[in-house]
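> Input structure: model.pdb, which contains PDB, C-alpha atoms.
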ATOM      1  CA  MET A   1      37.176  19.851 284.559  1.00  0.00           C
ATOM      2  CA  HIS A   2      40.614  21.183 283.714  1.00  0.00           C
ATOM      3  CA  GLU A   3      43.883  20.496 285.483  1.00  0.00           C
ATOM      4  CA  ASP A   4      43.705  23.887 287.257  1.00  0.00           C
ATOM      5  CA  GLY A   5      40.416  22.954 288.958  1.00  0.00           C
ATOM      6  CA  THR A   6      38.156  25.184 286.867  1.00  0.00           C
ATOM      7  CA  GLU A   7      35.772  24.375 284.117  1.00  0.00           C
ATOM      8  CA  ASP A   8      36.749  27.116 281.678  1.00  0.00           C
ATOM      9  CA  GLY A   9      40.400  27.809 282.492  1.00  0.00           C
ATOM     10  CA  THR A  10      39.729  31.289 283.957  1.00  0.00           C
ATOM     11  CA  ILE A  11      42.723  31.165 286.286  1.00  0.00           C
ATOM     12  CA  ARG A  12      45.094  30.463 283.434  1.00  0.00           C
ATOM     13  CA  ALA A  13      43.469  33.236 281.382  1.00  0.00           C
ATOM     14  CA  ALA A  14      43.820  35.636 284.323  1.00  0.00           C
ATOM     15  CA  LEU A  15      47.533  34.882 284.531  1.00  0.00           C
ATOM     16  CA  ILE A  16      48.173  35.264 280.794  1.00  0.00           C
ATOM     17  CA  ALA A  17      46.217  38.524 280.267  1.00  0.00           C
ATOM     18  CA  PRO A  18      48.450  40.811 282.388  1.00  0.00           C
ATOM     19  CA  ALA A  19      51.573  39.532 280.633  1.00  0.00           C
ATOM     20  CA  GLN A  20      50.037  40.271 277.242  1.00  0.00           C
ATOM     21  CA  SER A  21      48.971  43.789 278.268  1.00  0.00           C
ATOM     22  CA  ARG A  22      52.526  44.534 279.480  1.00  0.00           C
ATOM     23  CA  GLY A  23      53.816  43.466 276.085  1.00  0.00           C
ATOM     24  CA  ALA A  24      51.299  45.719 274.368  1.00  0.00           C
ATOM     25  CA  ARG A  25      52.339  48.657 276.555  1.00  0.00           C
ATOM     26  CA  ALA A  26      56.010  48.011 275.904  1.00  0.00           C
ATOM     27  CA  SER A  27      55.427  47.804 272.156  1.00  0.00           C
ATOM     28  CA  ARG A  28      54.034  51.357 272.214  1.00  0.00           C
ATOM     29  CA  PHE A  29      57.390  52.646 273.444  1.00  0.00           C
ATOM     30  CA  VAL A  30      59.456  50.981 270.721  1.00  0.00           C
ATOM     31  CA  PRO A  31      58.695  53.648 268.054  1.00  0.00           C
ATOM     32  CA  VAL A  32      59.407  56.403 270.582  1.00  0.00           C
ATOM     33  CA  LEU A  33      62.747  54.886 271.536  1.00  0.00           C
ATOM     34  CA  LEU A  34      63.644  54.324 267.898  1.00  0.00           C
ATOM     35  CA  GLY A  35      62.830  57.972 267.151  1.00  0.00           C
ATOM     36  CA  LEU A  36      65.044  59.149 270.006  1.00  0.00           C
ATOM     37  CA  VAL A  37      67.937  57.010 268.818  1.00  0.00           C
ATOM     38  CA  LEU A  38      67.618  58.316 265.277  1.00  0.00           C
ATOM     39  CA  ALA A  39      67.293  61.902 266.485  1.00  0.00           C
ATOM     40  CA  GLY A  40      70.515  61.490 268.426  1.00  0.00           C
ATOM     41  CA  CYS A  41      72.243  60.311 265.266  1.00  0.00           C
ATOM     42  CA  SER A  42      70.973  63.190 263.165  1.00  0.00           C
ATOM     43  CA  THR A  43      73.491  65.606 264.614  1.00  0.00           C
ATOM     44  CA  GLY A  44      76.271  63.375 263.426  1.00  0.00           C
ATOM     45  CA  GLY A  45      79.633  62.953 264.987  1.00  0.00           C
ATOM     46  CA  GLU A  46      83.125  63.870 264.005  1.00  0.00           C
ATOM     47  CA  GLY A  47      83.616  62.524 260.507  1.00  0.00           C
ATOM     48  CA  MET A  48      80.003  61.395 260.069  1.00  0.00           C
ATOM     49  CA  LEU A  49      78.280  62.844 257.025  1.00  0.00           C
ATOM     50  CA  LEU A  50      74.623  61.978 257.369  1.00  0.00           C
ATOM     51  CA  LEU A  51      73.093  64.936 255.577  1.00  0.00           C
ATOM     52  CA  VAL A  52      75.513  65.536 252.687  1.00  0.00           C
ATOM     53  CA  ASP A  53      76.778  63.432 249.777  1.00  0.00           C
ATOM     54  CA  SER A  54      80.533  63.004 250.202  1.00  0.00           C
ATOM     55  CA  GLY A  55      81.077  62.969 246.423  1.00  0.00           C
ATOM     56  CA  LYS A  56      79.048  66.090 245.689  1.00  0.00           C
ATOM     57  CA  TYR A  57      82.004  68.249 244.617  1.00  0.00           C
ATOM     58  CA  GLN A  58      84.257  65.630 243.019  1.00  0.00           C
ATOM     59  CA  TYR A  59      83.708  66.970 239.489  1.00  0.00           C
ATOM     60  CA  HIS A  60      83.993  70.659 240.407  1.00  0.00           C
ATOM     61  CA  THR A  61      87.023  72.738 239.511  1.00  0.00           C
ATOM     62  CA  CYS A  62      89.065  74.449 242.213  1.00  0.00           C
ATOM     63  CA  GLY A  63      87.394  77.764 241.348  1.00  0.00           C
ATOM     64  CA  GLN A  64      83.934  76.252 241.655  1.00  0.00           C
ATOM     65  CA  ILE A  65      84.896  74.663 244.967  1.00  0.00           C
ATOM     66  CA  ALA A  66      86.156  78.011 246.296  1.00  0.00           C
ATOM     67  CA  ASP A  67      82.930  79.747 245.199  1.00  0.00           C
ATOM     68  CA  ALA A  68      80.814  77.046 246.844  1.00  0.00           C
ATOM     69  CA  ALA A  69      82.855  77.306 250.055  1.00  0.00           C
ATOM     70  CA  LYS A  70      82.372  81.067 250.148  1.00  0.00           C
ATOM     71  CA  ALA A  71      78.610  80.814 249.587  1.00  0.00           C
ATOM     72  CA  ILE A  72      78.115  78.035 252.132  1.00  0.00           C
ATOM     73  CA  SER A  73      80.284  79.787 254.724  1.00  0.00           C
ATOM     74  CA  GLY A  74      78.165  82.905 254.303  1.00  0.00           C
ATOM     75  CA  ARG A  75      74.966  80.935 254.752  1.00  0.00           C
ATOM     76  CA  ARG A  76      76.382  79.179 257.830  1.00  0.00           C
ATOM     77  CA  GLU A  77      77.241  82.544 259.422  1.00  0.00           C
ATOM     78  CA  GLU A  78      73.743  83.799 258.611  1.00  0.00           C
ATOM     79  CA  LEU A  79      72.199  80.705 260.241  1.00  0.00           C
ATOM     80  CA  ALA A  80      74.387  81.144 263.338  1.00  0.00           C
ATOM     81  CA  THR A  81      73.098  84.720 263.645  1.00  0.00           C
ATOM     82  CA  LEU A  82      69.490  83.581 263.223  1.00  0.00           C
ATOM     83  CA  ILE A  83      69.919  80.843 265.840  1.00  0.00           C
ATOM     84  CA  ALA A  84      71.480  83.284 268.309  1.00  0.00           C
ATOM     85  CA  ARG A  85      68.683  85.791 267.710  1.00  0.00           C
ATOM     86  CA  ALA A  86      66.007  83.107 268.105  1.00  0.00           C
ATOM     87  CA  GLU A  87      67.499  81.890 271.390  1.00  0.00           C
ATOM     88  CA  GLN A  88      67.118  85.341 272.933  1.00  0.00           C
ATOM     89  CA  GLY A  89      63.320  85.144 272.842  1.00  0.00           C
ATOM     90  CA  THR A  90      60.937  83.047 274.877  1.00  0.00           C
ATOM     91  CA  GLY A  91      60.944  79.514 273.504  1.00  0.00           C
ATOM     92  CA  GLY A  92      63.576  80.595 271.003  1.00  0.00           C
ATOM     93  CA  ALA A  93      65.788  77.568 271.525  1.00  0.00           C
ATOM     94  CA  ILE A  94      62.965  75.378 270.259  1.00  0.00           C
ATOM     95  CA  VAL A  95      62.302  77.665 267.313  1.00  0.00           C
ATOM     96  CA  GLY A  96      66.011  77.787 266.505  1.00  0.00           C
ATOM     97  CA  ALA A  97      66.270  74.021 266.653  1.00  0.00           C
ATOM     98  CA  ILE A  98      63.231  73.485 264.482  1.00  0.00           C
ATOM     99  CA  ALA A  99      63.868  76.200 261.944  1.00  0.00           C
ATOM    100  CA  TYR A 100      67.645  76.457 261.613  1.00  0.00           C
ATOM    101  CA  ARG A 101      69.634  73.727 263.381  1.00  0.00           C
ATOM    102  CA  THR A 102      69.376  71.045 260.683  1.00  0.00           C
ATOM    103  CA  GLU A 103      70.447  73.433 257.939  1.00  0.00           C
ATOM    104  CA  TYR A 104      73.270  74.701 260.162  1.00  0.00           C
ATOM    105  CA  THR A 105      74.493  71.123 260.641  1.00  0.00           C
ATOM    106  CA  THR A 106      74.148  70.441 256.920  1.00  0.00           C
ATOM    107  CA  THR A 107      76.242  73.479 255.987  1.00  0.00           C
ATOM    108  CA  GLY A 108      78.942  72.383 258.432  1.00  0.00           C
ATOM    109  CA  GLN A 109      79.059  68.932 256.894  1.00  0.00           C
ATOM    110  CA  GLU A 110      79.060  70.402 253.410  1.00  0.00           C
ATOM    111  CA  LEU A 111      82.059  72.572 254.305  1.00  0.00           C
ATOM    112  CA  GLN A 112      83.835  69.415 255.493  1.00  0.00           C
ATOM    113  CA  VAL A 113      83.147  67.765 252.128  1.00  0.00           C
ATOM    114  CA  ILE A 114      84.400  70.857 250.291  1.00  0.00           C
ATOM    115  CA  GLU A 115      87.583  70.956 252.353  1.00  0.00           C
ATOM    116  CA  THR A 116      88.244  67.251 251.810  1.00  0.00           C
ATOM    117  CA  THR A 117      87.621  67.548 248.074  1.00  0.00           C
ATOM    118  CA  ALA A 118      89.848  70.645 247.809  1.00  0.00           C
ATOM    119  CA  ARG A 119      92.676  68.803 249.581  1.00  0.00           C
ATOM    120  CA  ALA A 120      92.293  65.784 247.299  1.00  0.00           C
ATOM    121  CA  LYS A 121      92.497  68.060 244.238  1.00  0.00           C
ATOM    122  CA  ASN A 122      95.402  70.086 245.697  1.00  0.00           C
ATOM    123  CA  CYS A 123      93.438  73.327 245.453  1.00  0.00           C
ATOM    124  CA  ASN A 124      94.697  76.447 247.212  1.00  0.00           C
ATOM    125  CA  ASN A 125      92.795  76.667 250.488  1.00  0.00           C
ATOM    126  CA  PRO A 126      91.197  79.942 251.485  1.00  0.00           C
ATOM    127  CA  ALA A 127      92.771  81.548 254.572  1.00  0.00           C
ATOM    128  CA  SER A 128      89.568  80.988 256.585  1.00  0.00           C
ATOM    129  CA  TRP A 129      89.768  77.187 256.436  1.00  0.00           C
ATOM    130  CA  ARG A 130      90.665  75.340 259.609  1.00  0.00           C
ATOM    131  CA  SER A 131      93.749  73.661 258.164  1.00  0.00           C
ATOM    132  CA  ASN A 132      95.460  77.007 257.500  1.00  0.00           C
ATOM    133  CA  SER A 133      94.613  78.398 260.919  1.00  0.00           C
ATOM    134  CA  ALA A 134      96.159  75.338 262.577  1.00  0.00           C
ATOM    135  CA  VAL A 135      99.407  75.624 260.583  1.00  0.00           C
ATOM    136  CA  GLN A 136      99.880  79.363 261.110  1.00  0.00           C
TER     137      GLN A 136
END
Starting from the coordinates I provided, produce the structure as structure tokens.


Amino acid sequence: MHEDGTEDGTIRAALIAPAQSRGARASRFVPVLLGLVLAGCSTGGEGMLLLVDSGKYQYHTCGQIADAAKAISGRREELATLIARAEQGTGGAIVGAIAYRTEYTTTGQELQVIETTARAKNCNNPASWRSNSAVQ
């Protein structure tokens, strides 16, 4: 006989089993929660560059930086148009998010890197950059 009055400890086993199954259920949600946290970080915040290398343009000349800024700005405008067009259709917000949103965010971050690099190199900023529009 055991201390709990049973021969095989079934009462103790009955008390332990539900606690273990709750732990197993909770452990299934950990990857989901981790995925949600990481997805929230993927959009980045002000000053966070998660999708672009901050030193990507450090060895470019001012002319190369200006050309890259022009090309990336054009692509960003094209992506904005595609996202707006996708959102007009049924389920378009999902399609826009899946197909274009990450690249749109990447181009925005890349433009930030270009602007920072151009300032560090004292390059002439194009009139379309935010810093000029704030000064004028």

> Measuring between only C-alpha atoms, which one of A:Gly89, A:Gly74, A:Gly96, A:Gly55 shows the shortest distance to Gly108 (chain A)?

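Using only C-alpha atoms, the shortest distance to Gly108 (chain A) belongs to A:Gly74.
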
> Evaluated on this file, the PyMOL selection byres ((chain A and resi 76-81) around 12) picks out some residues - which ones are they, written as a list in words?

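This file, filtered by the PyMOL selection byres ((chain A and resi 76-81) around 12), leaves Ala69, Lys70, Ala71, Ile72, Ser73, Gly74, Arg75, Leu82, Ile83, Ala84, Arg85, Ala86, Glu87, Gln88, Gly96, Ala97, Ala99, Tyr100, Arg101, Thr102, Glu103, Tyr104, Thr105, Thr106, Thr107, Gly108, Gln109, Glu110 and Leu111 of chain A.
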
> Selection in question (the file shown): the PyMOL selection byres ((chain A and resi 63) around 12). Which residues does it include, as a list in words?

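That expression, the PyMOL selection byres ((chain A and resi 63) around 12), corresponds here to Tyr57, Tyr59, His60, Thr61, Cys62, Gln64, Ile65, Ala66, Asp67, Ala68, Ala69, Lys70, Ile114, Ala118, Lys121, Asn122, Cys123, Asn124, Asn125 and Pro126 of chain A.
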
> Would you please work out which residue, of A:Ala120, A:Val113, A:Ile98, A:Ala93, is nearest to Lys56 (chain A) when using only C-alpha atoms?

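The shortest atom-to-atom distance to Lys56 (chain A) comes from A:Val113.
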
> Calculate, to one decimal in Å, the centre and edge lengths of the box along x, y and z of the file that holds all listed atoms of region 71-78 of chain A with 4 Å of margin on each side, and present them as AutoDock Vina command-line options.


--center_x 77.0 --center_y 80.9 --center_z 254.5 --size_x 14.5 --size_y 13.8 --size_z 17.8
